[in-house]
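With PDB, C-alpha atoms (C1' of nucleotides) inside, this is my_file.pdb:
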ATOM      1  CA  MET Z 973       0.000   0.000   0.000  1.00  0.00           C
ATOM      2  CA  LYS Z 974       2.722   2.451   0.935  1.00  0.00           C
ATOM      3  CA  MET Z 975       4.649   1.497  -2.191  1.00  0.00           C
ATOM      4  CA  GLU Z 976       1.626   2.211  -4.368  1.00  0.00           C
ATOM      5  CA  LYS Z 977       1.308   5.672  -2.935  1.00  0.00           C
ATOM      6  CA  MET Z 978       4.966   6.444  -3.552  1.00  0.00           C
ATOM      7  CA  GLN Z 979       4.700   5.329  -7.168  1.00  0.00           C
ATOM      8  CA  MET Z 980       1.668   7.582  -7.629  1.00  0.00           C
ATOM      9  CA  ALA Z 981       3.530  10.568  -6.236  1.00  0.00           C
ATOM     10  CA  ASP Z 982       6.409   9.868  -8.613  1.00  0.00           C
ATOM     11  CA  LYS Z 983       4.273   9.530 -11.734  1.00  0.00           C
ATOM     12  CA  ALA Z 984       5.412  11.821 -14.531  1.00  0.00           C
ATOM     13  CA  GLU Z 985       2.066  13.601 -14.727  1.00  0.00           C
ATOM     14  CA  ASN Z 986       2.444  14.791 -11.160  1.00  0.00           C
ATOM     15  CA  ARG Z 987       5.833  16.450 -11.598  1.00  0.00           C
ATOM     16  CA  ARG Z 988       4.998  19.982 -12.676  1.00  0.00           C
ATOM     17  CA  LEU Z 989       7.510  22.264 -14.365  1.00  0.00           C
ATOM     18  CA  GLY Z 990       8.219  25.364 -12.275  1.00  0.00           C
ATOM     19  CA  ARG Z 991       9.314  28.915 -13.013  1.00  0.00           C
ATOM     20  CA  GLU Z 992      13.028  28.091 -13.175  1.00  0.00           C
ATOM     21  CA  PHE Z 993      12.364  25.738 -16.098  1.00  0.00           C
ATOM     22  CA  PHE Z 994      10.941  28.553 -18.244  1.00  0.00           C
ATOM     23  CA  THR Z 995      13.197  31.467 -17.299  1.00  0.00           C
ATOM     24  CA  VAL Z 996      15.940  30.478 -19.739  1.00  0.00           C
ATOM     25  CA  ASP Z 997      16.633  31.758 -23.267  1.00  0.00           C
ATOM     26  CA  GLY Z 998      14.330  30.657 -26.091  1.00  0.00           C
ATOM     27  CA  LEU Z 999      16.809  28.238 -27.680  1.00  0.00           C
ATOM     28  CA  THR Z1000      17.422  26.400 -24.424  1.00  0.00           C
ATOM     29  CA  LEU Z1001      13.692  26.269 -23.682  1.00  0.00           C
ATOM     30  CA  ALA Z1002      12.836  24.907 -27.158  1.00  0.00           C
ATOM     31  CA  ARG Z1003      15.269  21.995 -26.640  1.00  0.00           C
ATOM     32  CA  ASN Z1004      14.200  21.385 -23.054  1.00  0.00           C
ATOM     33  CA  LEU Z1005      10.491  21.251 -23.927  1.00  0.00           C
ATOM     34  CA  LEU Z1006      11.000  18.201 -26.159  1.00  0.00           C
ATOM     35  CA  GLY Z1007       9.627  15.151 -24.357  1.00  0.00           C
ATOM     36  CA  LYS Z1008       7.773  17.251 -21.777  1.00  0.00           C
ATOM     37  CA  VAL Z1009       4.003  16.988 -21.343  1.00  0.00           C
ATOM     38  CA  MET Z1010       1.566  19.839 -21.968  1.00  0.00           C
ATOM     39  CA  VAL Z1011      -1.696  19.454 -20.028  1.00  0.00           C
ATOM     40  CA  HIS Z1012      -4.998  21.189 -20.817  1.00  0.00           C
ATOM     41  CA  GLU Z1013      -8.525  20.792 -19.487  1.00  0.00           C
ATOM     42  CA  THR Z1014     -11.149  20.341 -22.227  1.00  0.00           C
ATOM     43  CA  PRO Z1015     -14.936  19.831 -22.176  1.00  0.00           C
ATOM     44  CA  TYR Z1016     -14.245  16.095 -22.639  1.00  0.00           C
ATOM     45  CA  GLY Z1017     -11.576  15.708 -19.954  1.00  0.00           C
ATOM     46  CA  THR Z1018      -7.879  16.340 -19.404  1.00  0.00           C
ATOM     47  CA  VAL Z1019      -5.599  16.135 -22.436  1.00  0.00           C
ATOM     48  CA  ARG Z1020      -1.891  15.343 -21.930  1.00  0.00           C
ATOM     49  CA  ALA Z1021       0.475  15.413 -24.908  1.00  0.00           C
ATOM     50  CA  ILE Z1022       4.210  14.749 -25.290  1.00  0.00           C
ATOM     51  CA  ILE Z1023       5.897  17.522 -27.275  1.00  0.00           C
ATOM     52  CA  THR Z1024       7.951  16.273 -30.244  1.00  0.00           C
ATOM     53  CA  GLU Z1025       8.710  19.424 -32.258  1.00  0.00           C
ATOM     54  CA  THR Z1026       9.391  23.051 -31.271  1.00  0.00           C
ATOM     55  CA  GLU Z1027      10.733  26.273 -32.776  1.00  0.00           C
ATOM     56  CA  SER Z1028      12.528  29.198 -31.138  1.00  0.00           C
ATOM     57  CA  TYR Z1029      11.527  32.795 -31.793  1.00  0.00           C
ATOM     58  CA  MET Z1030      14.288  34.944 -30.417  1.00  0.00           C
ATOM     59  CA  GLY Z1031      12.692  38.344 -29.971  1.00  0.00           C
ATOM     60  CA  ILE Z1032      13.925  41.781 -30.974  1.00  0.00           C
ATOM     61  CA  GLU Z1033      16.888  40.609 -33.101  1.00  0.00           C
ATOM     62  CA  ASP Z1034      15.048  37.788 -34.904  1.00  0.00           C
ATOM     63  CA  LYS Z1035      13.503  38.778 -38.257  1.00  0.00           C
ATOM     64  CA  GLY Z1036      11.212  35.753 -38.011  1.00  0.00           C
ATOM     65  CA  SER Z1037       9.742  36.821 -34.675  1.00  0.00           C
ATOM     66  CA  HIS Z1038       6.540  38.758 -34.075  1.00  0.00           C
ATOM     67  CA  THR Z1039       8.577  40.905 -31.677  1.00  0.00           C
ATOM     68  CA  TYR Z1040      11.346  41.713 -34.172  1.00  0.00           C
ATOM     69  CA  GLY Z1041      12.649  45.232 -33.594  1.00  0.00           C
ATOM     70  CA  GLY Z1042      10.873  45.392 -30.261  1.00  0.00           C
ATOM     71  CA  ARG Z1043       7.392  45.415 -31.817  1.00  0.00           C
ATOM     72  CA  ARG Z1044       5.102  45.497 -28.780  1.00  0.00           C
ATOM     73  CA  THR Z1045       1.376  45.452 -29.555  1.00  0.00           C
ATOM     74  CA  GLU Z1046      -1.759  44.091 -27.934  1.00  0.00           C
ATOM     75  CA  ARG Z1047      -1.198  40.816 -29.774  1.00  0.00           C
ATOM     76  CA  THR Z1048       2.501  40.328 -28.923  1.00  0.00           C
ATOM     77  CA  GLU Z1049       2.190  41.461 -25.304  1.00  0.00           C
ATOM     78  CA  PRO Z1050       2.357  37.923 -23.791  1.00  0.00           C
ATOM     79  CA  MET Z1051       5.796  37.386 -25.347  1.00  0.00           C
ATOM     80  CA  PHE Z1052       7.073  40.198 -23.091  1.00  0.00           C
ATOM     81  CA  HIS Z1053       5.714  38.488 -19.973  1.00  0.00           C
ATOM     82  CA  ILE Z1054       7.473  36.098 -17.607  1.00  0.00           C
ATOM     83  CA  GLY Z1055       8.778  32.749 -18.908  1.00  0.00           C
ATOM     84  CA  GLY Z1056       5.973  30.187 -18.758  1.00  0.00           C
ATOM     85  CA  THR Z1057       3.292  32.562 -20.097  1.00  0.00           C
ATOM     86  CA  SER Z1058       1.161  31.242 -22.986  1.00  0.00           C
ATOM     87  CA  TYR Z1059       1.033  33.151 -26.272  1.00  0.00           C
ATOM     88  CA  VAL Z1060      -1.813  31.949 -28.515  1.00  0.00           C
ATOM     89  CA  TYR Z1061      -2.580  33.800 -31.730  1.00  0.00           C
ATOM     90  CA  LEU Z1062      -4.762  33.327 -34.814  1.00  0.00           C
ATOM     91  CA  ILE Z1063      -2.954  32.525 -38.054  1.00  0.00           C
ATOM     92  CA  TYR Z1064      -4.324  32.602 -41.621  1.00  0.00           C
ATOM     93  CA  GLY Z1065      -7.701  33.609 -40.257  1.00  0.00           C
ATOM     94  CA  MET Z1066      -8.588  30.110 -39.069  1.00  0.00           C
ATOM     95  CA  TYR Z1067      -5.943  28.356 -36.983  1.00  0.00           C
ATOM     96  CA  SER Z1068      -4.418  28.948 -33.559  1.00  0.00           C
ATOM     97  CA  CYS Z1069      -0.704  28.682 -32.763  1.00  0.00           C
ATOM     98  CA  MET Z1070       0.501  27.859 -29.249  1.00  0.00           C
ATOM     99  CA  ASN Z1071       3.689  29.377 -27.860  1.00  0.00           C
ATOM    100  CA  VAL Z1072       5.337  29.592 -24.452  1.00  0.00           C
ATOM    101  CA  ALA Z1073       7.181  32.762 -23.472  1.00  0.00           C
ATOM    102  CA  ALA Z1074      10.814  32.213 -22.456  1.00  0.00           C
ATOM    103  CA  ASP Z1075      13.228  34.040 -20.166  1.00  0.00           C
ATOM    104  CA  VAL Z1076      12.504  37.064 -17.980  1.00  0.00           C
ATOM    105  CA  VAL Z1077       9.968  39.898 -18.236  1.00  0.00           C
ATOM    106  CA  ASP Z1078      10.604  42.233 -21.220  1.00  0.00           C
ATOM    107  CA  ASN Z1079      12.806  39.798 -23.150  1.00  0.00           C
ATOM    108  CA  PRO Z1080      10.181  38.799 -25.757  1.00  0.00           C
ATOM    109  CA  GLN Z1081      11.396  35.340 -26.783  1.00  0.00           C
ATOM    110  CA  ALA Z1082       9.057  32.373 -27.176  1.00  0.00           C
ATOM    111  CA  VAL Z1083       8.843  28.749 -28.285  1.00  0.00           C
ATOM    112  CA  LEU Z1084       6.273  27.631 -30.862  1.00  0.00           C
ATOM    113  CA  ILE Z1085       4.829  24.194 -30.123  1.00  0.00           C
ATOM    114  CA  ARG Z1086       4.609  22.477 -33.508  1.00  0.00           C
ATOM    115  CA  MET Z1087       3.933  18.802 -32.838  1.00  0.00           C
ATOM    116  CA  ALA Z1088       2.797  16.441 -30.091  1.00  0.00           C
ATOM    117  CA  GLU Z1089       1.651  12.889 -29.414  1.00  0.00           C
ATOM    118  CA  PRO Z1090      -1.007  11.736 -26.932  1.00  0.00           C
ATOM    119  CA  PHE Z1091       0.493  10.844 -23.523  1.00  0.00           C
ATOM    120  CA  ASP Z1092      -2.102   8.152 -22.771  1.00  0.00           C
ATOM    121  CA  GLU Z1093      -5.152   6.480 -24.298  1.00  0.00           C
ATOM    122  CA  GLU Z1094      -7.668   8.855 -22.749  1.00  0.00           C
ATOM    123  CA  SER Z1095      -5.807  11.806 -24.250  1.00  0.00           C
ATOM    124  CA  GLU Z1096      -5.783  10.076 -27.629  1.00  0.00           C
ATOM    125  CA  ARG Z1097      -9.557   9.569 -27.504  1.00  0.00           C
ATOM    126  CA  ILE Z1098     -10.191  13.198 -26.607  1.00  0.00           C
ATOM    127  CA  MET Z1099      -7.744  14.544 -29.197  1.00  0.00           C
ATOM    128  CA  LEU Z1100      -9.352  12.448 -31.934  1.00  0.00           C
ATOM    129  CA  ARG Z1101     -12.825  13.570 -30.885  1.00  0.00           C
ATOM    130  CA  LEU Z1102     -11.830  17.260 -30.925  1.00  0.00           C
ATOM    131  CA  ARG Z1103     -10.147  16.889 -34.308  1.00  0.00           C
ATOM    132  CA  MET Z1104     -13.092  14.993 -35.819  1.00  0.00           C
ATOM    133  CA  GLU Z1105     -15.486  17.720 -34.644  1.00  0.00           C
ATOM    134  CA  LYS Z1106     -13.577  20.395 -36.538  1.00  0.00           C
ATOM    135  CA  LYS Z1107     -12.532  18.434 -39.605  1.00  0.00           C
ATOM    136  CA  ARG Z1108     -13.590  19.251 -43.126  1.00  0.00           C
ATOM    137  CA  ALA Z1109     -16.604  17.237 -44.291  1.00  0.00           C
ATOM    138  CA  ARG Z1110     -14.781  14.832 -46.577  1.00  0.00           C
ATOM    139  CA  GLN Z1111     -11.836  14.024 -44.325  1.00  0.00           C
ATOM    140  CA  GLN Z1112     -11.542  10.380 -43.251  1.00  0.00           C
ATOM    141  CA  GLU Z1113     -11.016   9.347 -39.620  1.00  0.00           C
ATOM    142  CA  SER Z1114      -7.937   7.329 -40.639  1.00  0.00           C
ATOM    143  CA  SER Z1115      -6.345  10.474 -42.037  1.00  0.00           C
ATOM    144  CA  VAL Z1116      -7.175  12.526 -38.933  1.00  0.00           C
ATOM    145  CA  ARG Z1117      -5.756   9.752 -36.734  1.00  0.00           C
ATOM    146  CA  LYS Z1118      -2.525   9.693 -38.724  1.00  0.00           C
ATOM    147  CA  HIS Z1119      -2.130  13.477 -38.473  1.00  0.00           C
ATOM    148  CA  LEU Z1120      -3.631  13.965 -35.021  1.00  0.00           C
ATOM    149  CA  ALA Z1121      -1.369  16.814 -33.837  1.00  0.00           C
ATOM    150  CA  ASP Z1122       1.538  16.984 -36.302  1.00  0.00           C
ATOM    151  CA  GLY Z1123       1.377  20.743 -36.887  1.00  0.00           C
ATOM    152  CA  PRO Z1124       0.753  23.851 -34.743  1.00  0.00           C
ATOM    153  CA  GLY Z1125      -2.824  24.353 -35.950  1.00  0.00           C
ATOM    154  CA  LYS Z1126      -3.782  20.689 -35.623  1.00  0.00           C
ATOM    155  CA  LEU Z1127      -2.188  20.533 -32.169  1.00  0.00           C
ATOM    156  CA  CYS Z1128      -4.319  23.454 -30.955  1.00  0.00           C
ATOM    157  CA  ILE Z1129      -7.526  21.855 -32.279  1.00  0.00           C
ATOM    158  CA  ALA Z1130      -6.607  18.486 -30.690  1.00  0.00           C
ATOM    159  CA  MET Z1131      -5.959  20.116 -27.296  1.00  0.00           C
ATOM    160  CA  ASN Z1132      -8.782  22.680 -27.507  1.00  0.00           C
ATOM    161  CA  ILE Z1133      -6.354  25.609 -27.325  1.00  0.00           C
ATOM    162  CA  THR Z1134      -7.896  28.897 -28.471  1.00  0.00           C
ATOM    163  CA  ARG Z1135      -7.269  32.564 -27.842  1.00  0.00           C
ATOM    164  CA  ALA Z1136      -9.204  32.124 -24.602  1.00  0.00           C
ATOM    165  CA  ASP Z1137      -5.985  30.398 -23.450  1.00  0.00           C
ATOM    166  CA  ASN Z1138      -3.784  33.370 -24.361  1.00  0.00           C
ATOM    167  CA  ASP Z1139      -1.592  35.115 -21.763  1.00  0.00           C
ATOM    168  CA  ILE Z1140      -1.972  32.431 -19.073  1.00  0.00           C
ATOM    169  CA  ASP Z1141       0.769  31.759 -16.543  1.00  0.00           C
ATOM    170  CA  MET Z1142       1.315  28.025 -17.052  1.00  0.00           C
ATOM    171  CA  VAL Z1143       3.357  27.811 -13.844  1.00  0.00           C
ATOM    172  CA  GLU Z1144       0.368  28.873 -11.715  1.00  0.00           C
ATOM    173  CA  SER Z1145      -2.669  27.650 -13.694  1.00  0.00           C
ATOM    174  CA  ASP Z1146      -4.514  24.477 -12.704  1.00  0.00           C
ATOM    175  CA  THR Z1147      -6.126  23.988 -16.130  1.00  0.00           C
ATOM    176  CA  PHE Z1148      -3.206  24.701 -18.492  1.00  0.00           C
ATOM    177  CA  TYR Z1149       0.277  23.620 -17.395  1.00  0.00           C
ATOM    178  CA  TRP Z1150       3.377  21.483 -18.020  1.00  0.00           C
ATOM    179  CA  THR Z1151       4.814  18.335 -16.433  1.00  0.00           C
ATOM    180  CA  GLU Z1152       7.827  16.078 -16.857  1.00  0.00           C
ATOM    181  CA  GLY Z1153       7.426  13.412 -19.537  1.00  0.00           C
ATOM    182  CA  ILE Z1154       9.965  11.213 -21.292  1.00  0.00           C
ATOM    183  CA  GLU Z1155      13.729  11.674 -21.173  1.00  0.00           C
ATOM    184  CA  VAL Z1156      15.279  13.087 -24.352  1.00  0.00           C
ATOM    185  CA  MET Z1157      19.065  12.952 -24.795  1.00  0.00           C
ATOM    186  CA  PRO Z1158      20.818  15.871 -26.585  1.00  0.00           C
ATOM    187  CA  GLU Z1159      21.997  13.483 -29.322  1.00  0.00           C
ATOM    188  CA  GLU Z1160      18.360  12.525 -30.020  1.00  0.00           C
ATOM    189  CA  ILE Z1161      17.513  16.101 -31.057  1.00  0.00           C
ATOM    190  CA  LEU Z1162      17.381  16.933 -34.759  1.00  0.00           C
ATOM    191  CA  GLU Z1163      17.872  20.572 -35.854  1.00  0.00           C
ATOM    192  CA  GLY Z1164      16.299  22.156 -38.927  1.00  0.00           C
ATOM    193  CA  LYS Z1165      15.153  25.417 -40.475  1.00  0.00           C
ATOM    194  CA  ARG Z1166      11.984  27.005 -39.187  1.00  0.00           C
ATOM    195  CA  ILE Z1167       8.826  26.584 -41.259  1.00  0.00           C
ATOM    196  CA  GLY Z1168       6.844  29.279 -43.033  1.00  0.00           C
ATOM    197  CA  ILE Z1169       9.027  32.354 -42.510  1.00  0.00           C
ATOM    198  CA  ASP Z1170      10.432  32.910 -46.017  1.00  0.00           C
ATOM    199  CA  TYR Z1171      10.159  36.666 -45.449  1.00  0.00           C
ATOM    200  CA  ALA Z1172      12.712  36.539 -42.598  1.00  0.00           C
ATOM    201  CA  GLU Z1173      15.774  36.784 -44.914  1.00  0.00           C
ATOM    202  CA  GLU Z1174      18.932  35.311 -43.300  1.00  0.00           C
ATOM    203  CA  ALA Z1175      16.959  34.354 -40.184  1.00  0.00           C
ATOM    204  CA  ALA Z1176      14.950  31.919 -42.329  1.00  0.00           C
ATOM    205  CA  ASP Z1177      18.095  29.749 -42.508  1.00  0.00           C
ATOM    206  CA  TYR Z1178      18.815  29.539 -38.781  1.00  0.00           C
ATOM    207  CA  LEU Z1179      18.502  25.987 -37.442  1.00  0.00           C
ATOM    208  CA  TRP Z1180      15.997  26.898 -34.757  1.00  0.00           C
ATOM    209  CA  ARG Z1181      13.528  24.040 -35.235  1.00  0.00           C
ATOM    210  CA  PHE Z1182      13.980  21.053 -32.967  1.00  0.00           C
ATOM    211  CA  THR Z1183      12.553  17.565 -33.390  1.00  0.00           C
ATOM    212  CA  ILE Z1184      13.012  14.263 -31.578  1.00  0.00           C
ATOM    213  CA  LYS Z1185      14.750  11.796 -33.951  1.00  0.00           C
ATOM    214  CA  ARG Z1186      12.459   8.891 -34.810  1.00  0.00           C
TER     215      ARG Z1186
ATOM    216  C1'  DC X 917       6.590  11.780 -50.749  1.00  0.00           C
ATOM    217  C1'  DG X 918       6.842  16.748 -52.846  1.00  0.00           C
ATOM    218  C1'  DG X 919       4.880  20.957 -54.754  1.00  0.00           C
ATOM    219  C1'  DC X 920       0.839  24.010 -55.502  1.00  0.00           C
ATOM    220  C1'  DT X 921      -3.446  26.405 -54.006  1.00  0.00           C
ATOM    221  C1'  DG X 922      -7.798  28.155 -51.883  1.00  0.00           C
ATOM    222  C1'  DA X 923      -9.929  29.002 -47.466  1.00  0.00           C
ATOM    223  C1'  DT X 924     -10.633  32.812 -43.952  1.00  0.00           C
ATOM    224  C1'  DC X 925     -10.219  36.931 -40.573  1.00  0.00           C
ATOM    225  C1'  DG X 926      -7.818  39.558 -36.608  1.00  0.00           C
ATOM    226  C1'  DT X 927      -4.215  42.623 -36.563  1.00  0.00           C
ATOM    227  C1'  DG X 928      -1.879  46.980 -37.346  1.00  0.00           C
TER     228       DG X 928
ATOM    229  C1'  DA T 846      -2.932  43.481 -47.339  1.00  0.00           C
ATOM    230  C1'  DC T 847      -0.946  39.898 -44.939  1.00  0.00           C
ATOM    231  C1'  DG T 848       0.285  35.684 -42.556  1.00  0.00           C
ATOM    232  C1'  DA T 849       5.017  31.094 -37.250  1.00  0.00           C
ATOM    233  C1'  DT T 850      -1.340  26.648 -41.580  1.00  0.00           C
ATOM    234  C1'  DC T 851      -4.212  22.848 -43.357  1.00  0.00           C
ATOM    235  C1'  DA T 852      -6.032  19.614 -46.505  1.00  0.00           C
ATOM    236  C1'  DG T 853      -7.015  18.303 -51.181  1.00  0.00           C
ATOM    237  C1'  DC T 854      -5.200  17.537 -55.552  1.00  0.00           C
ATOM    238  C1'  DC T 855      -1.843  16.531 -58.715  1.00  0.00           C
ATOM    239  C1'  DG T 856       2.386  14.081 -60.418  1.00  0.00           C
ATOM    240  C1'  DA T 857       6.340  10.787 -59.394  1.00  0.00           C
TER     241       DA T 857
END
Is it possible to give me this structure as C-alpha cells?
Amino acid sequence: MKMEKMQMADKAENRRLGREFFTVDGLTLARNLLGKVMVHETPYGTVRAIITETESYMGIEDKGSHTYGGRRTERTEPMFHIGGTSYVYLIYGMYSCMNVAADVVDNPQAVLIRMAEPFDEESERIMLRLRMEKKRARQQESSVRKHLADGPGKLCIAMNITRADNDIDMVESDTFYWTEGIEVMPEEILEGKRIGIDYAEEAADYLWRFTIKR
DNA sequence: CGGCTGATCGTG
DNA sequence: ACGATCAGCCGA
C-alpha cells in the first residue's frame, strides 16, 4: 500500500515544471520542452500530450519573430511576460498557434509548439474527438488519426487551445500547465530550419527548429 | 513523398 | 494586405 502511494507521487504527470524551467533563453527552452508533457482541461476531460517538435523565436533581433525590432502590440504582449506565459494567436484567419514565453519579463522570446503525441489512451480519444469535430466534411477518420497533432494548428484543435488560453501563466494555472514526460538525450535532437518564414531573410536559414529523432 | 493552391479573418 | 497553416489535388 505504501509502495503504491509512492509510485503515484512519482508519476510523470504529477511532476509539474516550475518557473526556473521557463526562465531560460528561447533556444534552451525549445530543446528542453522536447519530451515534456503539456496538459490542458477540455470539455471532454484532461488532455496530456508529449511535445515532439518546437521552434525558437528569439525576440527583438530575430527577423522571423513577431517581436522583431521590439514590436510590442496588444497581440505580442504575452511574449514580453514572464517565462511560462502562454502566447496563442490566430494565423491565416482560421488556426491557432501555441507558444510559451521564455526568459525574464521584457525579453520577448518564445517557443512555438509544432507537434505532439497523446500521452495516454484517454488523451488520444479526446484529441481524436476534438479533431473529428472540426474536420472538413470529406476528411476520413484514418487520415485525422494519422495526423492527429503533427502541426501547430492541428495541435491546438486536438488540445482545444484557443485565444481564450492566451496570456496564461502556465506555472500557476490548474487547467493549463506542463509536467515532466519522457527523457530526451541531446543526441536525439534533430535541428532544422523554421517553417513558413520565407520573409525573414537570413533568419529563415537559422537551425531553430527542434525535433526528436524517430 | 513533394509541390501548388484556396480558405478565412484579426491585426496593425 | 498579410500571414510562425491545413487539406485536397496533382504528379512521381
Quote the spacing between CA of Val1143 in chain Z and CA of Arg1020 in chain Z in Å to one decimal place.
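If I compute the distance from CA of Val1143 in chain Z to CA of Arg1020 in chain Z, I get 15.8 Å.
Counting only C-alpha atoms (C1' of nucleotides) and comparing Z:Arg1003, Z:Asp1034, Z:Tyr1178, Z:Thr1048, the residue that lies closest to chain X is Z:Thr1048.
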Within 10 Å of DA849 in chain T using only C-alpha atoms (C1' of nucleotides), minus same-chain residues under 2 positions, as a list in words:
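The residues that qualify are Glu1027, Ser1028, Tyr1029, Gly1036, Ser1037, His1038, Tyr1061, Ile1063, Cys1069, Met1070, Asn1071, Leu1084, Ile1085, Arg1086, Pro1124, Arg1166, Ile1167, Gly1168 and Ile1169 of chain Z.
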Could you please take those selected residues and save C-alpha atoms as a PDB file, keeping the file's coordinate frame?
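Just written: again04.pdb:
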ATOM      1  CA  GLU Z1027      10.733  26.273 -32.776  1.00  0.00           C
ATOM      2  CA  SER Z1028      12.528  29.198 -31.138  1.00  0.00           C
ATOM      3  CA  TYR Z1029      11.527  32.795 -31.793  1.00  0.00           C
ATOM      4  CA  GLY Z1036      11.212  35.753 -38.011  1.00  0.00           C
ATOM      5  CA  SER Z1037       9.742  36.821 -34.675  1.00  0.00           C
ATOM      6  CA  HIS Z1038       6.540  38.758 -34.075  1.00  0.00           C
ATOM      7  CA  TYR Z1061      -2.580  33.800 -31.730  1.00  0.00           C
ATOM      8  CA  ILE Z1063      -2.954  32.525 -38.054  1.00  0.00           C
ATOM      9  CA  CYS Z1069      -0.704  28.682 -32.763  1.00  0.00           C
ATOM     10  CA  MET Z1070       0.501  27.859 -29.249  1.00  0.00           C
ATOM     11  CA  ASN Z1071       3.689  29.377 -27.860  1.00  0.00           C
ATOM     12  CA  LEU Z1084       6.273  27.631 -30.862  1.00  0.00           C
ATOM     13  CA  ILE Z1085       4.829  24.194 -30.123  1.00  0.00           C
ATOM     14  CA  ARG Z1086       4.609  22.477 -33.508  1.00  0.00           C
ATOM     15  CA  PRO Z1124       0.753  23.851 -34.743  1.00  0.00           C
ATOM     16  CA  ARG Z1166      11.984  27.005 -39.187  1.00  0.00           C
ATOM     17  CA  ILE Z1167       8.826  26.584 -41.259  1.00  0.00           C
ATOM     18  CA  GLY Z1168       6.844  29.279 -43.033  1.00  0.00           C
ATOM     19  CA  ILE Z1169       9.027  32.354 -42.510  1.00  0.00           C
TER      20      ILE Z1169
END
Please enumerate the residues selected by the PyMOL selection byres ((chain T) within 12 of (chain Z)) when evaluated against the supplied file, formatted as JSON, numbers by chain.
{"T": [847, 848, 849, 850, 851, 852, 853]}
Selection result of the PyMOL selection byres ((chain T and resi 856) around 12) on this file, as a ChimeraX atom specification:
/X:917-920 /T:854-855,857
Take the residues just selected and output them with C-alpha atoms (C1' of nucleotides) as a PDB file, keeping the file's coordinate frame.
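out24.pdb written:
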ATOM      1  C1'  DC X 917       6.590  11.780 -50.749  1.00  0.00           C
ATOM      2  C1'  DG X 918       6.842  16.748 -52.846  1.00  0.00           C
ATOM      3  C1'  DG X 919       4.880  20.957 -54.754  1.00  0.00           C
ATOM      4  C1'  DC X 920       0.839  24.010 -55.502  1.00  0.00           C
TER       5       DC X 920
ATOM      6  C1'  DC T 854      -5.200  17.537 -55.552  1.00  0.00           C
ATOM      7  C1'  DC T 855      -1.843  16.531 -58.715  1.00  0.00           C
ATOM      8  C1'  DA T 857       6.340  10.787 -59.394  1.00  0.00           C
TER       9       DA T 857
END
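CA of Leu1179 in chain Z is found 4.6 Å from CA of Lys1165 in chain Z.
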N, CA and C atoms restored at range 1013-1026 of chain Z, emitted as an mmCIF file, keeping the file's coordinate frame:
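Below you can see result-v4.cif, which holds the result:
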data_model
loop_
_atom_site.group_PDB
_atom_site.id
_atom_site.type_symbol
_atom_site.label_atom_id
_atom_site.label_comp_id
_atom_site.auth_asym_id
_atom_site.auth_seq_id
_atom_site.Cartn_x
_atom_site.Cartn_y
_atom_site.Cartn_z
ATOM 1 N N GLU Z 1013 -7.159 21.256 -19.739
ATOM 2 C CA GLU Z 1013 -8.525 20.792 -19.487
ATOM 3 C C GLU Z 1013 -9.383 21.102 -20.711
ATOM 4 N N THR Z 1014 -10.221 20.136 -21.113
ATOM 5 C CA THR Z 1014 -11.149 20.341 -22.227
ATOM 6 C C THR Z 1014 -12.547 19.924 -21.765
ATOM 7 N N PRO Z 1015 -13.573 20.248 -22.553
ATOM 8 C CA PRO Z 1015 -14.936 19.831 -22.176
ATOM 9 C C PRO Z 1015 -15.067 18.312 -22.051
ATOM 10 N N TYR Z 1016 -14.157 17.559 -22.649
ATOM 11 C CA TYR Z 1016 -14.245 16.095 -22.639
ATOM 12 C C TYR Z 1016 -13.284 15.443 -21.661
ATOM 13 N N GLY Z 1017 -12.529 16.262 -20.912
ATOM 14 C CA GLY Z 1017 -11.576 15.708 -19.954
ATOM 15 C C GLY Z 1017 -10.202 16.317 -20.135
ATOM 16 N N THR Z 1018 -9.241 15.806 -19.379
ATOM 17 C CA THR Z 1018 -7.879 16.340 -19.404
ATOM 18 C C THR Z 1018 -7.072 15.731 -20.537
ATOM 19 N N VAL Z 1019 -6.478 16.607 -21.357
ATOM 20 C CA VAL Z 1019 -5.599 16.135 -22.436
ATOM 21 C C VAL Z 1019 -4.139 16.351 -22.044
ATOM 22 N N ARG Z 1020 -3.338 15.278 -22.187
ATOM 23 C CA ARG Z 1020 -1.891 15.343 -21.930
ATOM 24 C C ARG Z 1020 -1.174 14.915 -23.192
ATOM 25 N N ALA Z 1021 -0.228 15.754 -23.668
ATOM 26 C CA ALA Z 1021 0.475 15.413 -24.908
ATOM 27 C C ALA Z 1021 1.980 15.628 -24.758
ATOM 28 N N ILE Z 1022 2.748 14.662 -25.298
ATOM 29 C CA ILE Z 1022 4.210 14.749 -25.290
ATOM 30 C C ILE Z 1022 4.659 15.585 -26.481
ATOM 31 N N ILE Z 1023 5.456 16.610 -26.220
ATOM 32 C CA ILE Z 1023 5.897 17.522 -27.275
ATOM 33 C C ILE Z 1023 7.058 16.907 -28.053
ATOM 34 N N THR Z 1024 6.930 16.899 -29.397
ATOM 35 C CA THR Z 1024 7.951 16.273 -30.244
ATOM 36 C C THR Z 1024 8.601 17.237 -31.230
ATOM 37 N N GLU Z 1025 8.059 18.440 -31.380
ATOM 38 C CA GLU Z 1025 8.710 19.424 -32.258
ATOM 39 C C GLU Z 1025 8.443 20.839 -31.756
ATOM 40 N N THR Z 1026 9.496 21.668 -31.738
ATOM 41 C CA THR Z 1026 9.391 23.051 -31.271
ATOM 42 C C THR Z 1026 10.195 23.977 -32.187
#
